[in-house]
file data22.txt (compact mmCIF, C-alpha atoms and all ligand atoms)
# COMPACT_ATOMS: atom_id res chain seq x y z
CA MET L 21 -24.01 -7.09 5.30
CA LEU L 22 -20.87 -8.28 7.08
CA ARG L 23 -18.80 -11.03 5.53
CA GLU L 24 -16.31 -12.96 7.63
CA THR L 25 -13.44 -14.46 5.71
CA GLY L 26 -13.64 -18.12 6.49
CA SER L 27 -12.50 -20.89 4.21
CA ALA L 28 -9.51 -19.76 2.22
CA GLN L 29 -9.42 -19.98 -1.57
CA ALA L 30 -13.18 -20.78 -1.82
CA ALA L 31 -13.46 -18.57 -4.87
CA LEU L 32 -10.18 -19.58 -6.45
CA ALA L 33 -9.11 -22.80 -8.07
CA ASP L 34 -6.48 -24.55 -5.98
CA ALA L 35 -3.62 -24.44 -8.48
CA SER L 36 -4.05 -20.74 -9.18
CA PHE L 37 -4.42 -20.04 -5.46
CA GLN L 38 -1.12 -21.78 -4.80
CA GLU L 39 0.59 -19.70 -7.48
CA LEU L 40 -1.04 -16.54 -6.11
CA CYS L 41 0.24 -17.33 -2.59
CA ARG L 42 3.76 -17.97 -3.85
CA ARG L 43 3.88 -14.70 -5.80
CA ALA L 44 2.31 -12.77 -2.94
CA TYR L 45 4.85 -14.11 -0.46
CA ARG L 46 7.76 -13.09 -2.70
CA PHE L 47 6.47 -9.51 -2.92
CA MET L 48 6.05 -9.44 0.87
CA LEU L 49 9.59 -10.68 1.33
CA LEU L 50 11.05 -8.21 -1.16
CA ALA L 51 9.21 -5.33 0.52
CA ARG L 52 10.37 -6.39 4.00
CA LEU L 53 14.01 -6.71 2.98
CA ALA L 54 13.89 -3.44 1.04
CA GLU L 55 12.35 -1.62 4.00
CA ASP L 56 14.91 -3.09 6.40
CA LYS L 57 17.58 -1.72 4.08
CA LEU L 58 15.90 1.71 3.97
CA ALA L 59 15.77 1.74 7.78
CA SER L 60 19.49 1.08 7.96
CA LEU L 61 20.23 3.77 5.34
CA TYR L 62 18.14 6.16 7.41
CA ARG L 63 20.13 5.34 10.57
CA ALA L 64 23.32 5.90 8.60
CA GLY L 65 22.13 9.40 7.70
CA LYS L 66 21.84 8.62 3.98
CA ILE L 67 18.15 9.54 3.79
CA HIS L 68 17.17 13.13 4.44
CA GLY L 69 13.39 12.83 4.71
CA GLY L 70 11.32 10.59 7.00
CA VAL L 71 11.10 6.84 6.46
CA PHE L 72 7.70 5.19 6.90
CA LEU L 73 7.52 1.42 6.87
CA GLY L 74 4.82 -1.18 6.43
CA ARG L 75 6.32 -3.93 8.61
CA GLY L 76 3.51 -6.24 9.71
CA GLN L 77 1.12 -4.98 7.03
CA GLU L 78 2.64 -6.67 3.98
CA ALA L 79 0.06 -9.48 3.74
CA LEU L 80 -2.88 -7.10 3.57
CA SER L 81 -1.06 -4.69 1.29
CA VAL L 82 -0.01 -7.31 -1.22
CA ALA L 83 -3.46 -8.95 -1.21
CA GLY L 84 -5.16 -5.67 -2.15
CA ALA L 85 -2.84 -4.96 -5.05
CA MET L 86 -2.94 -8.54 -6.33
CA ALA L 87 -6.73 -8.58 -6.42
CA LEU L 88 -6.62 -5.78 -9.00
CA ARG L 89 -6.28 -6.04 -12.78
CA PRO L 90 -4.57 -3.80 -15.32
CA GLY L 91 -6.87 -0.82 -15.85
CA ASP L 92 -7.97 -0.71 -12.19
CA ILE L 93 -7.15 2.20 -9.90
CA TYR L 94 -4.84 1.81 -6.92
CA ALA L 95 -4.26 4.41 -4.20
CA PRO L 96 -1.66 3.05 -1.77
CA LEU L 97 -0.41 4.74 1.39
CA ILE L 98 2.84 4.91 3.29
CA ARG L 99 2.59 1.31 4.56
CA ASP L 100 2.04 -0.18 1.11
CA ALA L 101 5.51 -0.88 -0.24
CA ALA L 102 4.51 -4.53 -0.74
CA GLY L 103 1.34 -3.60 -2.59
CA ARG L 104 3.15 -1.09 -4.78
CA LEU L 105 5.62 -3.76 -5.86
CA ALA L 106 2.80 -6.21 -6.52
CA PHE L 107 0.98 -3.57 -8.57
CA GLY L 108 4.04 -3.37 -10.79
CA GLU L 109 6.16 -0.58 -9.38
CA PRO L 110 9.85 -1.25 -10.01
CA LEU L 111 11.81 -1.74 -6.79
CA ILE L 112 14.26 0.91 -7.91
CA ASP L 113 11.56 3.61 -7.68
CA LEU L 114 11.24 2.93 -3.94
CA PHE L 115 14.97 3.54 -3.44
CA ARG L 116 15.19 6.42 -5.87
CA THR L 117 12.42 8.31 -4.09
CA TYR L 118 13.79 7.83 -0.58
CA LEU L 119 17.38 8.49 -1.61
CA GLY L 120 16.44 11.57 -3.66
CA SER L 121 17.78 10.35 -7.00
CA ARG L 122 17.18 12.69 -9.90
CA LEU L 123 16.31 9.64 -12.00
CA GLY L 124 13.41 8.71 -9.72
CA PRO L 125 9.73 9.21 -10.53
CA MET L 126 9.67 12.42 -8.44
CA ARG L 127 13.04 13.56 -9.81
CA GLY L 128 14.44 13.64 -6.28
CA ARG L 129 12.07 16.33 -5.08
CA ASP L 130 10.00 14.14 -2.77
CA GLY L 131 11.81 12.48 0.09
CA ASN L 132 9.61 9.49 0.65
CA VAL L 133 6.34 8.16 -0.74
CA HIS L 134 4.31 10.61 -2.81
CA ARG L 135 4.98 8.91 -6.10
CA GLY L 136 2.59 7.32 -8.58
CA ASP L 137 1.97 6.66 -12.23
CA PRO L 138 -1.48 8.07 -12.97
CA ARG L 139 -1.50 6.83 -16.57
CA ARG L 140 -1.45 3.30 -15.18
CA GLY L 141 -4.12 4.04 -12.55
CA TYR L 142 -1.50 4.13 -9.79
CA LEU L 143 -2.23 7.32 -7.87
CA ALA L 144 0.32 9.37 -5.95
CA MET L 145 -0.86 9.87 -2.37
CA ILE L 146 -1.79 13.32 -1.08
CA SER L 147 -2.18 12.63 2.61
CA HIS L 148 -2.53 9.65 4.81
CA LEU L 149 -5.81 10.62 6.35
CA GLY L 150 -8.69 9.78 4.02
CA ALA L 151 -7.93 12.30 1.29
CA MET L 152 -7.41 9.65 -1.37
CA ILE L 153 -10.94 8.24 -1.15
CA ALA L 154 -12.42 11.21 -3.00
CA VAL L 155 -9.61 11.04 -5.55
CA VAL L 156 -10.36 7.38 -6.28
CA ASN L 157 -14.07 8.22 -6.48
CA GLY L 158 -13.22 10.91 -9.04
CA ALA L 159 -11.15 8.48 -11.10
CA LEU L 160 -14.04 5.99 -11.01
CA PHE L 161 -16.51 8.69 -12.10
CA ALA L 162 -14.20 9.52 -14.99
CA ARG L 163 -14.20 5.87 -16.13
CA ARG L 164 -17.99 5.76 -15.78
CA TYR L 165 -18.49 8.91 -17.88
CA ARG L 166 -16.21 7.44 -20.54
CA GLY L 167 -18.36 4.31 -20.63
CA GLN L 168 -15.60 2.07 -19.24
CA THR L 169 -17.06 -0.77 -17.21
CA GLY L 170 -15.59 -3.41 -14.95
CA VAL L 171 -13.04 -1.04 -13.38
CA VAL L 172 -12.40 -1.20 -9.62
CA GLY L 173 -10.69 1.43 -7.46
CA LEU L 174 -8.90 0.44 -4.28
CA ALA L 175 -7.98 2.97 -1.59
CA SER L 176 -5.85 2.17 1.47
CA LEU L 177 -6.56 3.72 4.83
CA GLY L 178 -5.47 3.52 8.46
CA ASP L 179 -7.74 3.37 11.51
CA GLY L 180 -6.96 7.04 12.23
CA GLY L 181 -8.10 8.03 8.75
CA THR L 182 -11.61 6.80 9.53
CA SER L 183 -12.08 9.61 12.07
CA THR L 184 -11.79 12.31 9.45
CA GLY L 185 -14.41 14.20 7.49
CA ALA L 186 -12.74 13.08 4.28
CA PHE L 187 -13.52 9.46 5.16
CA HIS L 188 -17.19 10.24 5.79
CA GLU L 189 -17.61 12.25 2.61
CA GLY L 190 -15.73 9.76 0.48
CA ILE L 191 -17.47 6.59 1.60
CA ASN L 192 -20.88 8.26 1.61
CA GLN L 193 -20.44 9.54 -1.94
CA ALA L 194 -19.24 6.12 -3.12
CA ALA L 195 -22.26 4.46 -1.49
CA VAL L 196 -24.81 6.90 -2.93
CA GLU L 197 -23.29 6.58 -6.40
CA ARG L 198 -22.67 2.83 -6.03
CA LEU L 199 -19.10 3.26 -7.14
CA PRO L 200 -16.90 0.15 -7.44
CA LEU L 201 -14.68 1.32 -4.57
CA VAL L 202 -12.85 -1.07 -2.26
CA LEU L 203 -11.76 0.70 0.88
CA VAL L 204 -9.15 -1.26 2.79
CA ILE L 205 -8.62 -0.23 6.38
CA ALA L 206 -5.51 -1.48 8.13
CA ASN L 207 -6.48 -1.24 11.78
CA ASN L 208 -2.95 -1.34 13.15
CA GLN L 209 -4.14 -0.16 16.59
CA TYR L 210 -2.46 3.26 16.52
CA ALA L 211 -2.71 6.48 14.55
CA TYR L 212 0.77 7.73 15.24
CA SER L 213 0.62 7.52 19.07
CA THR L 214 -3.19 7.64 19.39
CA PRO L 215 -4.65 4.23 20.30
CA THR L 216 -7.91 3.05 18.73
CA SER L 217 -9.72 3.57 22.07
CA ARG L 218 -9.24 7.32 21.51
CA GLN L 219 -10.12 7.05 17.83
CA PHE L 220 -13.57 5.46 17.63
CA ALA L 221 -16.27 4.24 20.02
CA CYS L 222 -17.84 1.47 17.96
CA LYS L 223 -16.78 -2.11 18.70
CA ASP L 224 -15.28 -2.69 15.29
CA LEU L 225 -14.68 -0.37 12.36
CA ALA L 226 -16.64 -2.78 10.16
CA ASP L 227 -19.71 -1.74 12.19
CA LYS L 228 -19.61 1.62 10.42
CA ALA L 229 -20.40 0.07 7.04
CA PRO L 230 -24.16 -0.56 7.45
CA GLY L 231 -24.70 3.08 8.39
CA TYR L 232 -23.36 4.08 4.99
CA GLY L 233 -25.16 1.25 3.22
CA VAL L 234 -22.02 -0.56 2.14
CA GLU L 235 -20.88 -4.16 2.53
CA ALA L 236 -18.18 -4.93 5.07
CA HIS L 237 -15.57 -7.66 5.26
CA ARG L 238 -13.53 -8.48 8.34
CA VAL L 239 -10.18 -10.17 7.99
CA ASP L 240 -7.18 -11.20 10.05
CA GLY L 241 -4.53 -8.92 8.55
CA THR L 242 -1.69 -11.15 9.75
CA ASP L 243 -2.91 -14.11 7.69
CA LEU L 244 -1.82 -13.94 4.05
CA LEU L 245 -4.19 -16.64 2.84
CA ALA L 246 -7.18 -15.02 4.53
CA CYS L 247 -6.20 -11.61 3.13
CA LEU L 248 -5.87 -12.94 -0.43
CA THR L 249 -9.26 -14.62 -0.19
CA CYS L 250 -10.98 -11.65 1.39
CA LEU L 251 -9.61 -9.06 -1.02
CA HIS L 252 -10.40 -11.29 -3.99
CA GLU L 253 -13.98 -11.51 -2.74
CA ALA L 254 -14.32 -7.78 -2.06
CA VAL L 255 -12.83 -6.74 -5.42
CA SER L 256 -14.97 -9.30 -7.29
CA ARG L 257 -18.13 -8.01 -5.61
CA ALA L 258 -17.29 -4.40 -6.44
CA ARG L 259 -16.48 -5.35 -10.04
CA ALA L 260 -19.75 -7.23 -10.38
CA GLY L 261 -21.75 -4.11 -9.45
CA GLY L 262 -22.12 -4.73 -5.72
CA GLY L 263 -21.17 -1.15 -4.84
CA PRO L 264 -18.48 -0.09 -2.37
CA GLN L 265 -16.86 -2.69 -0.15
CA LEU L 266 -15.27 -1.91 3.19
CA VAL L 267 -12.50 -4.28 4.26
CA VAL L 268 -11.31 -4.02 7.85
CA ALA L 269 -8.15 -5.87 8.82
CA GLN L 270 -6.88 -6.38 12.34
CA LEU L 271 -3.13 -6.24 12.69
CA LEU L 272 -0.37 -4.37 14.49
CA ARG L 273 2.12 -1.81 13.26
CA LEU L 274 5.43 -3.58 13.90
CA SER L 275 7.53 -0.39 13.75
CA GLY L 276 7.08 3.15 14.95
CA HIS L 277 4.95 5.52 12.92
CA GLY L 278 8.15 6.35 11.07
CA GLU L 279 11.76 5.42 11.70
CA HIS L 280 12.16 8.57 13.81
CA ASP L 281 9.59 7.15 16.27
CA ASP L 282 10.51 4.34 18.69
CA GLY L 283 6.84 3.55 19.39
CA ALA L 284 7.51 3.48 23.16
CA TYR L 285 3.84 4.36 23.76
CA MET L 286 2.68 1.06 22.25
CA ASP L 287 1.26 -1.51 24.65
CA PRO L 288 3.67 -4.50 24.56
CA ARG L 289 0.81 -6.88 25.40
CA LEU L 290 -0.55 -6.35 21.90
CA ARG L 291 2.36 -8.39 20.53
CA GLU L 292 1.02 -11.41 22.45
CA LEU L 293 -2.37 -11.26 20.73
CA PRO L 294 -3.12 -12.94 17.38
CA LEU L 295 -3.21 -9.49 15.78
CA GLY L 296 0.37 -8.93 16.95
CA ARG L 297 1.79 -11.76 14.85
CA ASP L 298 4.29 -10.99 12.12
CA CYS L 299 2.61 -11.87 8.81
CA LEU L 300 5.87 -12.78 7.05
CA PRO L 301 7.01 -15.81 9.13
CA LEU L 302 3.36 -16.77 9.46
CA ALA L 303 3.01 -16.85 5.67
CA GLU L 304 6.14 -19.02 5.43
CA LYS L 305 4.64 -21.46 7.90
CA GLN L 306 1.32 -21.56 6.06
CA LEU L 307 2.93 -22.12 2.68
CA LEU L 308 5.17 -24.89 4.02
CA GLN L 309 2.30 -26.61 5.81
CA ARG L 310 0.20 -26.63 2.64
CA GLY L 311 3.09 -27.90 0.55
CA TYR L 312 3.01 -24.74 -1.57
CA VAL L 313 6.76 -24.17 -1.14
CA THR L 314 9.83 -26.07 -0.03
CA THR L 315 12.37 -24.93 2.55
CA GLU L 316 14.98 -24.77 -0.21
CA GLU L 317 12.79 -22.41 -2.23
CA LEU L 318 12.30 -20.14 0.77
CA HIS L 319 16.08 -19.95 1.30
CA ARG L 320 16.73 -19.29 -2.37
CA TRP L 321 14.04 -16.61 -2.64
CA ARG L 322 15.39 -14.84 0.42
CA SER L 323 18.94 -14.77 -0.82
CA GLU L 324 17.88 -13.63 -4.31
CA ALA L 325 15.69 -10.87 -2.86
CA GLN L 326 18.50 -9.74 -0.55
CA GLN L 327 20.92 -9.53 -3.47
CA THR L 328 18.40 -7.54 -5.52
CA VAL L 329 17.88 -5.11 -2.64
CA GLU L 330 21.62 -4.65 -2.06
CA SER L 331 22.44 -4.09 -5.73
CA THR L 332 19.51 -1.69 -6.19
CA ALA L 333 20.47 0.35 -3.13
CA ALA L 334 24.13 0.48 -4.25
CA ARG L 335 23.17 1.58 -7.76
CA VAL L 336 20.82 4.34 -6.58
CA GLN L 337 23.43 5.70 -4.16
CA GLN L 338 25.61 6.44 -7.20
CA GLU L 339 22.88 8.41 -8.99
CA PRO L 340 22.78 12.22 -9.17
CA ALA L 341 20.73 14.43 -6.87
CA PRO L 342 18.50 17.10 -8.45
CA ASP L 343 20.35 20.15 -9.66
CA PRO L 344 18.53 23.33 -8.55
CA LEU L 345 19.81 25.23 -11.59
CA LEU L 346 18.30 22.68 -13.96
CA GLU L 347 15.00 22.16 -12.17
CA ASP L 348 11.79 23.80 -13.38
CA TRP L 349 10.43 23.75 -9.80
CA CYS L 350 6.92 22.73 -10.64
CA ALA L 351 6.76 21.49 -7.04
CA LEU L 352 5.20 18.03 -7.06
CA SER L 353 2.58 18.72 -9.67
CA CYS L 354 3.60 19.03 -13.26
CA ARG L 355 2.55 17.60 -16.60
CA ASP L 356 5.73 15.56 -16.69
CA MET L 357 4.54 13.38 -13.85
CA ALA L 358 1.45 12.30 -15.71
CA GLU L 359 2.79 12.24 -19.21
CA ALA L 360 6.48 11.39 -19.24
CA PRO L 361 7.44 7.76 -19.77
CA HIS L 362 7.41 5.82 -16.51
CA GLY L 363 10.68 6.23 -14.66
CA TRP L 364 13.13 8.95 -15.47
CA GLU L 365 15.75 6.85 -17.16
CA SER L 366 14.77 8.69 -20.33
CA LEU L 367 15.76 11.97 -18.74
CA ALA L 368 19.53 12.04 -19.16
CA PRO L 369 21.44 13.84 -16.38
CA GLY L 370 21.92 17.36 -17.60
CA ALA L 371 18.78 17.44 -19.73
CA LYS L 372 16.27 20.13 -18.82
CA PRO L 373 13.24 18.44 -17.24
CA GLY L 374 10.94 21.22 -18.40
CA ALA L 375 11.73 20.26 -21.99
CA LEU L 376 9.20 17.46 -21.67
CA VAL L 377 6.33 19.75 -20.64
C1 LIG L 401 -4.73 15.95 7.16
C2 LIG L 401 -3.52 15.33 7.84
N1 LIG L 401 -3.35 15.50 9.18
C3 LIG L 401 -2.26 14.96 9.79
C4 LIG L 401 -1.35 14.26 9.06
C5 LIG L 401 -0.13 13.67 9.78
N2 LIG L 401 -0.30 12.23 9.88
C6 LIG L 401 0.22 11.43 8.93
S1 LIG L 401 -0.10 9.82 9.21
C7 LIG L 401 -0.93 10.19 10.65
C8 LIG L 401 -1.56 9.08 11.46
C9 LIG L 401 -2.35 8.16 10.60
O1 LIG L 401 -2.87 7.11 11.35
P1 LIG L 401 -3.67 5.95 10.68
O2 LIG L 401 -4.70 6.50 9.75
O3 LIG L 401 -4.16 5.05 11.75
O4 LIG L 401 -2.59 5.20 9.79
P2 LIG L 401 -1.24 4.47 10.25
O5 LIG L 401 -0.17 5.52 10.34
O6 LIG L 401 -1.52 3.80 11.53
O7 LIG L 401 -0.95 3.50 9.13
C10 LIG L 401 -0.94 11.54 10.88
C11 LIG L 401 -1.58 12.18 12.04
C12 LIG L 401 -1.58 14.11 7.67
N3 LIG L 401 -0.76 13.42 6.87
N4 LIG L 401 -2.66 14.65 7.09
call {"tool": "encode", "arguments": {"input": "data22.txt", "output": "structure tokens", "more": "lines below"}}
Ligand SMILES: Cc1ncc(C[n+]2csc(CCOP(=O)(O)OP(=O)(O)O)c2C)c(N)n1
result
Amino acid sequence: MLRETGSAQAALADASFQELCRRAYRFMLLARLAEDKLASLYRAGKIHGGVFLGRGQEALSVAGAMALRPGDIYAPLIRDAAGRLAFGEPLIDLFRTYLGSRLGPMRGRDGNVHRGDPRRGYLAMISHLGAMIAVVNGALFARRYRGQTGVVGLASLGDGGTSTGAFHEGINQAAVERLPLVLVIANNQYAYSTPTSRQFACKDLADKAPGYGVEAHRVDGTDLLACLTCLHEAVSRARAGGGPQLVVAQLLRLSGHGEHDDGAYMDPRLRELPLGRDCLPLAEKQLLQRGYVTTEELHRWRSEAQQTVESTAARVQQEPAPDPLLEDWCALSCRDMAEAPHGWESLAPGAKPGALV
């Protein structure tokens, strides 16, 4: 069955919906300002790996994470900085990973986004292209075998990811096993430089859902209020035993694939369509129109978020890089990642990381 997201906040009481919108907007804003800062650090040659941004996808990203509860499973992708923050990741982890700080969750060994906190159900991504669906399924099976109920797993995906075998296997398995999986597809019109016309032949990606026997939801990914409502609905249905839910959002990637890519292949006419709108100013307009915020609050929030971003970036730039002589070189997989206290503040510079294993 296909569900269109119509009336906002139908399932949510008005006061709590207002609070949800306000919080969601602040995470979107913080993510946008932080990513703008990362882009400028990249241009200044301060970041050695690639930089992959979620500009234009913050509303969808934040809505997915905010629909979850503690104990749920969250598998974000490269465009989910906003969702990661909303799921509880400290802002400093974003900067520490990109800037290669030894105090970061990956101890400076990953240059961009493969971080997580598995003990909290926050999974580190393997690959962008559908690989995380099976991992979320596995985590949901584990909860089921332990007798834990009411847990939902949310996996993020791009339109390109839906063309892979991993997508087919993952969604099919979730459907057959009626796992509480919410699969959120950000159809941002390109998979790197490949347009959707070269990616799939169905009219809409939501059309794939009935073939697998799962419920689909379509949403305008530029509209924060619609995203919050839709994701709340999808997560609630999965939690209530409705089986996997496929959410398909229409939006546009507002940057290149990464900051190394100018996106010159993108059709400029897409920016003129509703899906080409920037969700951040649109959210501001919506919140003001509904009387959920005042102009003064918006100004204050922006300046506070900018200060937080600047001070975090400055602090991380002073932190040590990994020392090859001290590293245990467990690549990206080691017991520390799953078992050490969140963040690596506890690991004093000079201490041997392997000591925690
Ligand atoms: C198995 C695999 N093949 C190729 C890549 C390189 N790659 C990373 S992202 C990407 C495009 C993904 O497009 P889409 O799923 O639409 O997500 P978007 O980047 O648009 O958010 C590619 C080809 C990869 N990470 N993994």
call {"tool": "closest_atom_pairs", "arguments": {"input": "data22.txt", "of": "chain L", "to": "ligand LIG 401 (chain L)", "cutoff": "10 Å", "atoms": "only C-alpha atoms and all ligand atoms", "output": "Markdown table"}}
result
| residue | atom | partner | partner_atom | distance |
| --- | --- | --- | --- | --- |
| L:Phe72 | CA | L:LIG401 | O5 | 8.6 |
| L:Leu73 | CA | L:LIG401 | O7 | 9.0 |
| L:Gly74 | CA | L:LIG401 | O7 | 7.9 |
| L:Gln77 | CA | L:LIG401 | O7 | 9.0 |
| L:Leu97 | CA | L:LIG401 | O7 | 7.9 |
| L:Ile98 | CA | L:LIG401 | O7 | 7.1 |
| L:Arg99 | CA | L:LIG401 | O7 | 6.2 |
| L:Asp100 | CA | L:LIG401 | O7 | 9.3 |
| L:Met145 | CA | L:LIG401 | N3 | 9.9 |
| L:Ile146 | CA | L:LIG401 | N3 | 8.0 |
| L:Ser147 | CA | L:LIG401 | N3 | 4.6 |
| L:His148 | CA | L:LIG401 | N3 | 4.6 |
| L:Leu149 | CA | L:LIG401 | N4 | 5.2 |
| L:Gly150 | CA | L:LIG401 | O2 | 7.7 |
| L:Ala151 | CA | L:LIG401 | C1 | 7.6 |
| L:Ser176 | CA | L:LIG401 | O7 | 9.2 |
| L:Leu177 | CA | L:LIG401 | O2 | 5.9 |
| L:Gly178 | CA | L:LIG401 | O2 | 3.3 |
| L:Asp179 | CA | L:LIG401 | O3 | 4.0 |
| L:Gly180 | CA | L:LIG401 | O2 | 3.4 |
| L:Gly181 | CA | L:LIG401 | O2 | 3.9 |
| L:Thr182 | CA | L:LIG401 | O2 | 6.9 |
| L:Ser183 | CA | L:LIG401 | O2 | 8.3 |
| L:Thr184 | CA | L:LIG401 | C1 | 8.3 |
| L:Gly185 | CA | L:LIG401 | C1 | 9.8 |
| L:Ala186 | CA | L:LIG401 | C1 | 9.0 |
| L:Ile205 | CA | L:LIG401 | O2 | 8.5 |
| L:Ala206 | CA | L:LIG401 | O7 | 6.8 |
| L:Asn207 | CA | L:LIG401 | O3 | 6.7 |
| L:Asn208 | CA | L:LIG401 | O6 | 5.6 |
| L:Gln209 | CA | L:LIG401 | O6 | 6.9 |
| L:Tyr210 | CA | L:LIG401 | O6 | 5.1 |
| L:Ala211 | CA | L:LIG401 | O1 | 3.3 |
| L:Tyr212 | CA | L:LIG401 | C8 | 4.6 |
| L:Ser213 | CA | L:LIG401 | C8 | 8.1 |
| L:Thr214 | CA | L:LIG401 | O1 | 8.1 |
| L:Pro215 | CA | L:LIG401 | O3 | 8.6 |
| L:Thr216 | CA | L:LIG401 | O3 | 8.2 |
| L:Gln219 | CA | L:LIG401 | O3 | 8.7 |
| L:Leu272 | CA | L:LIG401 | O6 | 8.8 |
| L:Arg273 | CA | L:LIG401 | O6 | 6.9 |
| L:Gly276 | CA | L:LIG401 | O5 | 8.9 |
| L:His277 | CA | L:LIG401 | O5 | 5.7 |
| L:Gly278 | CA | L:LIG401 | O5 | 8.4 |
call {"tool": "residues_around", "arguments": {"input": "data22.txt", "residues": "Ala101 of chain L", "least_positions_apart": "4", "cutoff": "9 Å", "atoms": "only C-alpha atoms", "output": "PDB file with C-alpha atoms, in the frame of the given file"}}
result
ATOM      1  CA  MET L  48       6.050  -9.440   0.870  1.00  0.00           C
ATOM      2  CA  ALA L  51       9.210  -5.330   0.520  1.00  0.00           C
ATOM      3  CA  ARG L  52      10.370  -6.390   4.000  1.00  0.00           C
ATOM      4  CA  ALA L  54      13.890  -3.440   1.040  1.00  0.00           C
ATOM      5  CA  GLU L  55      12.350  -1.620   4.000  1.00  0.00           C
ATOM      6  CA  LEU L  73       7.520   1.420   6.870  1.00  0.00           C
ATOM      7  CA  GLY L  74       4.820  -1.180   6.430  1.00  0.00           C
ATOM      8  CA  GLU L  78       2.640  -6.670   3.980  1.00  0.00           C
ATOM      9  CA  SER L  81      -1.060  -4.690   1.290  1.00  0.00           C
ATOM     10  CA  VAL L  82      -0.010  -7.310  -1.220  1.00  0.00           C
ATOM     11  CA  PRO L  96      -1.660   3.050  -1.770  1.00  0.00           C
ATOM     12  CA  LEU L  97      -0.410   4.740   1.390  1.00  0.00           C
ATOM     13  CA  LEU L 105       5.620  -3.760  -5.860  1.00  0.00           C
ATOM     14  CA  ALA L 106       2.800  -6.210  -6.520  1.00  0.00           C
ATOM     15  CA  LEU L 114      11.240   2.930  -3.940  1.00  0.00           C
TER      16      LEU L 114
END
call {"tool": "closest_residue", "arguments": {"input": "data22.txt", "among": "L:Ala194, L:Ala154, L:Pro264, L:Ser275", "to": "Asp298 of chain L", "atoms": "only C-alpha atoms"}}
result
L:Ser275
call {"tool": "atom_distance", "arguments": {"input": "data22.txt", "atom1": "atom CA of Val239 of chain L", "atom2": "atom CA of Leu80 of chain L"}}
result
9.1 Å
call {"tool": "atom_distance", "arguments": {"input": "data22.txt", "atom1": "atom CA of Glu109 of chain L", "atom2": "atom CA of Gln326 of chain L"}}
result
17.7 Å
call {"tool": "residues_around", "arguments": {"input": "data22.txt", "residues": "segment 331-345 of chain L", "least_positions_apart": "4", "cutoff": "7 Å", "atoms": "only C-alpha atoms", "output": "list in words"}}
result
Ile112, Phe115, Arg116, Gly120, Ser121, Arg122, Arg127, Gly128 and Gln327 of chain L
call {"tool": "atom_distance", "arguments": {"input": "data22.txt", "atom1": "atom CA of Thr117 of chain L", "atom2": "atom CA of Met286 of chain L"}}
result
29.0 Å
call {"tool": "closest_residue", "arguments": {"input": "data22.txt", "among": "L:Val133, L:Leu50, L:Leu201, L:Ala229", "to": "Gly170 of chain L", "atoms": "all atoms listed in the file"}}
result
L:Leu201
call {"tool": "closest_residue", "arguments": {"input": "data22.txt", "among": "L:Tyr45, L:Tyr142, L:Tyr62, L:Tyr285", "to": "Tyr94 of chain L", "atoms": "only C-alpha atoms"}}
result
L:Tyr142
call {"tool": "closest_residue", "arguments": {"input": "data22.txt", "among": "L:Leu346, L:Leu88, L:Leu271, L:Cys250", "to": "Leu293 of chain L", "atoms": "only C-alpha atoms"}}
result
L:Leu271
call {"tool": "closest_residue", "arguments": {"input": "data22.txt", "among": "L:Gln265, L:Thr315, L:Asn192, L:Gln270", "to": "Ala175 of chain L", "atoms": "only C-alpha atoms"}}
result
L:Gln265
call {"tool": "closest_residue", "arguments": {"input": "data22.txt", "among": "L:Val313, L:Ala102, L:Leu61, L:Ile153", "to": "Met86 of chain L", "atoms": "only C-alpha atoms"}}
result
L:Ala102
call {"tool": "residues_around", "arguments": {"input": "data22.txt", "residues": "Asp92 of chain L", "least_positions_apart": "2", "cutoff": "10 Å", "atoms": "only C-alpha atoms", "output": "list in words"}}
result
Ala85, Ala87, Leu88, Arg89, Pro90, Tyr94, Arg140, Gly141, Tyr142, Ala159, Leu160, Arg163, Gly170, Val171, Val172, Gly173, Leu174 and Arg259 of chain L
call {"tool": "residues_around", "arguments": {"input": "data22.txt", "residues": "Cys299 of chain L", "least_positions_apart": "4", "cutoff": "8 Å", "atoms": "only C-alpha atoms", "output": "ChimeraX atom specification"}}
result
/L:76-79,241-244,303
